[in-house]
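Source file: work.cif; contents: mmCIF, C-alpha atoms and all ligand atoms; chains and numbers go by the auth columns.
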```
data_run
loop_
_atom_site.group_PDB
_atom_site.id
_atom_site.type_symbol
_atom_site.label_atom_id
_atom_site.label_comp_id
_atom_site.label_asym_id
_atom_site.label_seq_id
_atom_site.Cartn_x
_atom_site.Cartn_y
_atom_site.Cartn_z
_atom_site.B_iso_or_equiv
_atom_site.auth_seq_id
_atom_site.auth_asym_id
ATOM 1 C CA MET A 1 -23.552 24.460 24.448 0.00 114 C
ATOM 2 C CA ASN A 2 -24.910 22.985 27.688 0.00 115 C
ATOM 3 C CA LYS A 3 -23.587 19.689 29.026 0.00 116 C
ATOM 4 C CA THR A 4 -26.507 17.489 28.016 0.00 117 C
ATOM 5 C CA ILE A 5 -26.522 18.713 24.443 0.00 118 C
ATOM 6 C CA GLY A 6 -22.746 18.436 24.344 0.00 119 C
ATOM 7 C CA ALA A 7 -22.833 14.796 25.468 0.00 120 C
ATOM 8 C CA LEU A 8 -25.608 13.985 23.027 0.00 121 C
ATOM 9 C CA PHE A 9 -23.698 15.598 20.221 0.00 122 C
ATOM 10 C CA LEU A 10 -20.592 13.614 21.123 0.00 123 C
ATOM 11 C CA ALA A 11 -22.561 10.373 21.279 0.00 124 C
ATOM 12 C CA LEU A 12 -24.081 11.034 17.857 0.00 125 C
ATOM 13 C CA SER A 13 -20.861 12.063 16.232 0.00 126 C
ATOM 14 C CA THR A 14 -18.903 9.085 17.551 0.00 127 C
ATOM 15 C CA SER A 15 -21.531 6.485 16.728 0.00 128 C
ATOM 16 C CA SER A 16 -22.347 7.600 13.195 0.00 129 C
ATOM 17 C CA THR A 17 -18.823 7.771 11.848 0.00 130 C
ATOM 18 C CA TRP A 18 -15.548 6.247 12.810 0.00 131 C
ATOM 19 C CA ALA A 19 -13.290 9.285 12.896 0.00 132 C
ATOM 20 C CA ALA A 20 -9.849 8.431 14.180 0.00 133 C
ATOM 21 C CA THR A 21 -6.204 8.775 13.249 0.00 134 C
ATOM 22 C CA GLY A 22 -4.621 6.176 11.006 0.00 135 C
ATOM 23 C CA GLU A 23 -2.791 4.762 13.995 0.00 136 C
ATOM 24 C CA GLU A 24 -6.011 4.428 16.031 0.00 137 C
ATOM 25 C CA THR A 25 -7.818 2.752 13.164 0.00 138 C
ATOM 26 C CA TYR A 26 -4.876 0.447 12.600 0.00 139 C
ATOM 27 C CA LYS A 27 -4.809 -0.592 16.251 0.00 140 C
ATOM 28 C CA ALA A 28 -8.570 -1.058 16.498 0.00 141 C
ATOM 29 C CA VAL A 29 -9.235 -2.760 13.171 0.00 142 C
ATOM 30 C CA CYS A 30 -6.204 -3.801 11.147 0.00 143 C
ATOM 31 C CA SER A 31 -3.751 -4.977 13.800 0.00 144 C
ATOM 32 C CA THR A 32 -5.711 -8.219 14.313 0.00 145 C
ATOM 33 C CA CYS A 33 -4.160 -9.502 11.115 0.00 146 C
ATOM 34 C CA HIS A 34 -1.393 -7.147 10.085 0.00 147 C
ATOM 35 C CA THR A 35 0.654 -7.272 13.301 0.00 148 C
ATOM 36 C CA GLN A 36 1.399 -10.986 12.972 0.00 149 C
ATOM 37 C CA GLY A 37 0.830 -11.429 9.251 0.00 150 C
ATOM 38 C CA VAL A 38 -2.308 -13.571 9.714 0.00 151 C
ATOM 39 C CA ALA A 39 -3.448 -15.363 6.533 0.00 152 C
ATOM 40 C CA ASN A 40 -0.376 -14.100 4.674 0.00 153 C
ATOM 41 C CA SER A 41 -1.234 -10.461 5.191 0.00 154 C
ATOM 42 C CA PRO A 42 1.655 -8.050 4.682 0.00 155 C
ATOM 43 C CA LYS A 43 3.041 -7.572 8.185 0.00 156 C
ATOM 44 C CA ILE A 44 3.447 -4.032 9.465 0.00 157 C
ATOM 45 C CA GLY A 45 7.150 -3.155 9.532 0.00 158 C
ATOM 46 C CA ASP A 46 7.997 -5.665 6.788 0.00 159 C
ATOM 47 C CA ALA A 47 9.712 -3.279 4.406 0.00 160 C
ATOM 48 C CA LYS A 48 10.120 -5.950 1.732 0.00 161 C
ATOM 49 C CA ALA A 49 6.426 -6.853 1.583 0.00 162 C
ATOM 50 C CA TRP A 50 5.332 -3.239 1.818 0.00 163 C
ATOM 51 C CA GLY A 51 7.947 -2.031 -0.671 0.00 164 C
ATOM 52 C CA LYS A 52 6.099 -3.931 -3.400 0.00 165 C
ATOM 53 C CA LEU A 53 2.727 -2.623 -2.258 0.00 166 C
ATOM 54 C CA ILE A 54 3.957 0.956 -1.979 0.00 167 C
ATOM 55 C CA LYS A 55 5.075 0.718 -5.613 0.00 168 C
ATOM 56 C CA GLU A 56 1.472 0.040 -6.635 0.00 169 C
ATOM 57 C CA GLY A 57 0.743 3.625 -5.654 0.00 170 C
ATOM 58 C CA GLN A 58 -1.350 5.060 -2.868 0.00 171 C
ATOM 59 C CA VAL A 59 -4.570 5.481 -4.869 0.00 172 C
ATOM 60 C CA ASN A 60 -4.608 1.929 -6.223 0.00 173 C
ATOM 61 C CA LEU A 61 -3.478 0.216 -3.045 0.00 174 C
ATOM 62 C CA THR A 62 -5.981 2.069 -0.873 0.00 175 C
ATOM 63 C CA ALA A 63 -8.905 1.468 -3.216 0.00 176 C
ATOM 64 C CA ASP A 64 -8.068 -2.212 -3.721 0.00 177 C
ATOM 65 C CA GLY A 65 -7.616 -2.824 -0.007 0.00 178 C
ATOM 66 C CA TYR A 66 -10.901 -1.057 0.731 0.00 179 C
ATOM 67 C CA MET A 67 -12.708 -3.325 -1.726 0.00 180 C
ATOM 68 C CA GLY A 68 -10.967 -6.413 -0.375 0.00 181 C
ATOM 69 C CA VAL A 69 -8.225 -8.580 -1.883 0.00 182 C
ATOM 70 C CA ARG A 70 -8.306 -12.375 -1.387 0.00 183 C
ATOM 71 C CA GLY A 71 -7.781 -12.872 2.407 0.00 184 C
ATOM 72 C CA MET A 72 -8.140 -9.154 3.021 0.00 185 C
ATOM 73 C CA PRO A 73 -11.785 -8.456 3.927 0.00 186 C
ATOM 74 C CA ALA A 74 -13.398 -5.320 2.447 0.00 187 C
ATOM 75 C CA ARG A 75 -12.903 -2.331 4.794 0.00 188 C
ATOM 76 C CA GLY A 76 -10.787 -4.563 7.028 0.00 189 C
ATOM 77 C CA GLY A 77 -14.027 -6.266 8.041 0.00 190 C
ATOM 78 C CA ARG A 78 -15.477 -3.165 9.610 0.00 191 C
ATOM 79 C CA ALA A 79 -18.590 -2.259 7.644 0.00 192 C
ATOM 80 C CA ASP A 80 -18.845 1.338 8.901 0.00 193 C
ATOM 81 C CA LEU A 81 -15.257 2.269 8.119 0.00 194 C
ATOM 82 C CA GLY A 82 -15.115 5.239 5.733 0.00 195 C
ATOM 83 C CA VAL A 83 -12.668 5.606 2.879 0.00 196 C
ATOM 84 C CA ALA A 84 -10.700 8.425 4.553 0.00 197 C
ATOM 85 C CA ASP A 85 -10.221 6.481 7.791 0.00 198 C
ATOM 86 C CA PHE A 86 -9.240 3.357 5.889 0.00 199 C
ATOM 87 C CA ALA A 87 -6.821 5.402 3.760 0.00 200 C
ATOM 88 C CA ASN A 88 -5.159 6.914 6.822 0.00 201 C
ATOM 89 C CA ALA A 89 -4.677 3.455 8.331 0.00 202 C
ATOM 90 C CA VAL A 90 -2.997 2.353 5.091 0.00 203 C
ATOM 91 C CA VAL A 91 -0.698 5.391 5.339 0.00 204 C
ATOM 92 C CA TYR A 92 0.152 4.464 8.910 0.00 205 C
ATOM 93 C CA MET A 93 1.067 0.900 7.925 0.00 206 C
ATOM 94 C CA ALA A 94 3.039 1.967 4.850 0.00 207 C
ATOM 95 C CA ASN A 95 5.011 4.515 6.859 0.00 208 C
ATOM 96 C CA GLN A 96 5.821 1.978 9.578 0.00 209 C
ATOM 97 C CA SER A 97 7.184 -0.213 6.807 0.00 210 C
ATOM 98 C CA GLY A 98 9.584 2.061 4.953 0.00 211 C
ATOM 99 C CA GLY A 99 7.083 4.309 3.186 0.00 212 C
ATOM 100 C CA ASN A 100 6.689 8.053 3.266 0.00 213 C
ATOM 101 C CA TRP A 101 3.056 8.702 2.409 0.00 214 C
ATOM 102 C CA GLN A 102 0.752 11.521 3.517 0.00 215 C
ATOM 103 C CA ASN A 103 -2.868 11.184 4.566 0.00 216 C
ATOM 104 C CA PRO A 104 -4.776 11.736 1.313 0.00 217 C
ATOM 105 C CA ASP A 105 -6.140 15.214 0.589 0.00 218 C
ATOM 106 C CA GLU A 106 -9.498 15.885 -1.098 0.00 219 C
ATOM 107 C CA ALA A 107 -8.093 15.463 -4.588 0.00 220 C
ATOM 108 C CA MET A 108 -6.559 12.085 -3.814 0.00 221 C
ATOM 109 C CA LEU A 109 -9.675 10.908 -1.980 0.00 222 C
ATOM 110 C CA LYS A 110 -11.636 11.689 -5.144 0.00 223 C
ATOM 111 C CA LYS A 111 -9.331 9.458 -7.165 0.00 224 C
ATOM 112 C CA ILE A 112 -9.555 6.683 -4.569 0.00 225 C
ATOM 113 C CA ASN A 113 -13.359 6.912 -4.582 0.00 226 C
ATOM 114 C CA ALA A 114 -13.414 6.885 -8.385 0.00 227 C
ATOM 115 C CA ARG A 115 -11.425 3.658 -8.445 0.00 228 C
ATOM 116 C CA ILE A 116 -13.669 2.122 -5.780 0.00 229 C
ATOM 117 C CA ASP A 117 -16.748 3.072 -7.834 0.00 230 C
ATOM 118 C CA LYS A 118 -15.225 1.582 -10.945 0.00 231 C
ATOM 119 C CA ARG A 119 -14.454 -1.680 -9.183 0.00 232 C
ATOM 120 C CA SER A 120 -17.928 -1.808 -7.588 0.00 233 C
ATOM 121 C CA ALA A 121 -19.518 -1.320 -10.997 0.00 234 C
ATOM 122 C CA ALA A 122 -17.378 -4.060 -12.510 0.00 235 C
ATOM 123 C CA LYS A 123 -18.512 -6.508 -9.836 0.00 236 C
ATOM 124 C CA LYS A 124 -22.209 -6.175 -10.629 0.00 237 C
HETATM 125 C C1 LIG B . -8.991 -10.568 8.759 0.00 301 Y
HETATM 126 C C2 LIG B . -7.619 -10.168 8.568 0.00 301 Y
HETATM 127 C C3 LIG B . -7.344 -8.749 8.059 0.00 301 Y
HETATM 128 C C4 LIG B . -7.746 -7.551 8.594 0.00 301 Y
HETATM 129 C C5 LIG B . -8.592 -7.312 9.841 0.00 301 Y
HETATM 130 C C6 LIG B . -7.168 -6.521 7.761 0.00 301 Y
HETATM 131 N N1 LIG B . -6.447 -7.075 6.727 0.00 301 Y
HETATM 132 FE FE1 LIG B . -5.450 -6.085 5.277 0.00 301 Y
HETATM 133 N N2 LIG B . -4.901 -7.858 4.411 0.00 301 Y
HETATM 134 C C7 LIG B . -5.212 -9.105 4.924 0.00 301 Y
HETATM 135 C C8 LIG B . -4.646 -10.131 4.046 0.00 301 Y
HETATM 136 C C9 LIG B . -4.751 -11.625 4.251 0.00 301 Y
HETATM 137 C C10 LIG B . -3.998 -9.432 2.993 0.00 301 Y
HETATM 138 C C11 LIG B . -3.237 -10.046 1.800 0.00 301 Y
HETATM 139 C C12 LIG B . -4.207 -10.163 0.641 0.00 301 Y
HETATM 140 C C13 LIG B . -3.533 -10.831 -0.537 0.00 301 Y
HETATM 141 O O1 LIG B . -2.809 -10.144 -1.264 0.00 301 Y
HETATM 142 O O2 LIG B . -3.723 -12.018 -0.716 0.00 301 Y
HETATM 143 C C14 LIG B . -4.182 -8.016 3.255 0.00 301 Y
HETATM 144 C C15 LIG B . -3.720 -7.011 2.415 0.00 301 Y
HETATM 145 C C16 LIG B . -3.870 -5.656 2.664 0.00 301 Y
HETATM 146 C C17 LIG B . -3.396 -4.610 1.783 0.00 301 Y
HETATM 147 C C18 LIG B . -2.715 -4.822 0.437 0.00 301 Y
HETATM 148 C C19 LIG B . -3.788 -4.927 -0.618 0.00 301 Y
HETATM 149 C C20 LIG B . -3.255 -5.207 -2.000 0.00 301 Y
HETATM 150 O O3 LIG B . -3.704 -4.538 -2.962 0.00 301 Y
HETATM 151 O O4 LIG B . -2.421 -6.118 -2.144 0.00 301 Y
HETATM 152 C C21 LIG B . -3.725 -3.415 2.372 0.00 301 Y
HETATM 153 C C22 LIG B . -3.454 -2.039 1.822 0.00 301 Y
HETATM 154 C C23 LIG B . -4.400 -3.725 3.609 0.00 301 Y
HETATM 155 N N3 LIG B . -4.476 -5.092 3.760 0.00 301 Y
HETATM 156 C C24 LIG B . -4.878 -2.775 4.479 0.00 301 Y
HETATM 157 C C25 LIG B . -5.627 -3.071 5.631 0.00 301 Y
HETATM 158 C C26 LIG B . -6.176 -2.056 6.495 0.00 301 Y
HETATM 159 C C27 LIG B . -5.988 -0.563 6.318 0.00 301 Y
HETATM 160 C C28 LIG B . -6.874 -2.707 7.474 0.00 301 Y
HETATM 161 C C29 LIG B . -7.659 -2.112 8.612 0.00 301 Y
HETATM 162 C C30 LIG B . -8.584 -1.068 8.295 0.00 301 Y
HETATM 163 C C31 LIG B . -6.744 -4.153 7.205 0.00 301 Y
HETATM 164 N N4 LIG B . -5.975 -4.318 6.095 0.00 301 Y
HETATM 165 C C32 LIG B . -7.326 -5.153 7.970 0.00 301 Y
HETATM 166 C C33 LIG B . -5.922 -9.389 6.077 0.00 301 Y
HETATM 167 C C34 LIG B . -6.533 -8.445 6.891 0.00 301 Y
#
```
Now that the file is in, can you turn its structure into structure tokens?
Amino acid sequence: MNKTIGALFLALSTSSTWAATGEETYKAVCSTCHTQGVANSPKIGDAKAWGKLIKEGQVNLTADGYMGVRGMPARGGRADLGVADFANAVVYMANQSGGNWQNPDEAMLKKINARIDKRSAAKK
């Protein structure tokens, strides 16, 4: 691939999707609220608050957070954030707070998406 095409490709691939690690997404999007516990958000590292959330299960917690819960804006307020990137950021926060979750595989992503679809349908 020549340099121009390579740069173009990079520009396209970075602008169309937000592909990052859970930690990067957390720092760029979620930390605004979750570092200090803004608006009563569960603070990263707060094992007590996260212990309860972790018990809800990874599929449910990820899907509900993605859709938005009270003070928690849908997708963390970032409209172009995909489910997988959001899910990995949730894993990062949970694991900084006493959890031991893995980034979701295809099968789990399917379940998360199914729950998101169900909730979207219920809202209409
Ligand atoms: C504008 C502030 C804000 C931002 C930005 C934000 N959150 Fe939140 N989040 C909240 C608040 C407030 C709650 C608590 C909601 C409640 O239970 O009342 C919350 C709750 C959550 C929960 C628990 C949901 C549940 O079912 O109880 C998860 C998971 C979560 N956030 C993940 C994220 C992730 C991942 C990001 C970044 C992609 C993010 N948040 C960005 C404010 C924010």
>> as an MDAnalysis selection string, please: every protein or nucleic acid residue near ligand LIG 301 (chain Y) (cut-off 7 Å, counting only C-alpha atoms and all ligand atoms).
In response: chainID C and resid 138:139 142:147 151:155 166 174:175 177:178 182:186 188:190 199:200 202:203
>> Just want the 10 Å neighbourhood of Arg232 in chain C, counted on all atoms listed in the file, with same-chain residues fewer than 6 positions away dropped. Output as number ranges by chain.
In response: C: 176-177, 180, 226
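Interatomic distance, CA of Gln171 in chain C against CA of Val204 in chain C: 8.2 Å.
You can rank C:Asn213, C:Gln149, C:Val172, C:Ala141 by their closest distance to Ala227 in chain C using all atoms listed in the file, and at the top of that list sits C:Val172.
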>> Taking the file as I've supplied it (selection: the PyMOL selection byres (((chain C and resi 164) around 12) and not hetatm)), which residues are included? Please answer as a PyMOL selection string.
In response: chain C and resi 155-163+165-171+174+206-213
> Between C:Ser233, C:Gln215, C:Thr148, C:Thr134, which has the minimum distance to Tyr179 in chain C (counting only C-alpha atoms)?
Replying inline: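 For Tyr179 in chain C, the nearest of the given residues is C:Ser233.
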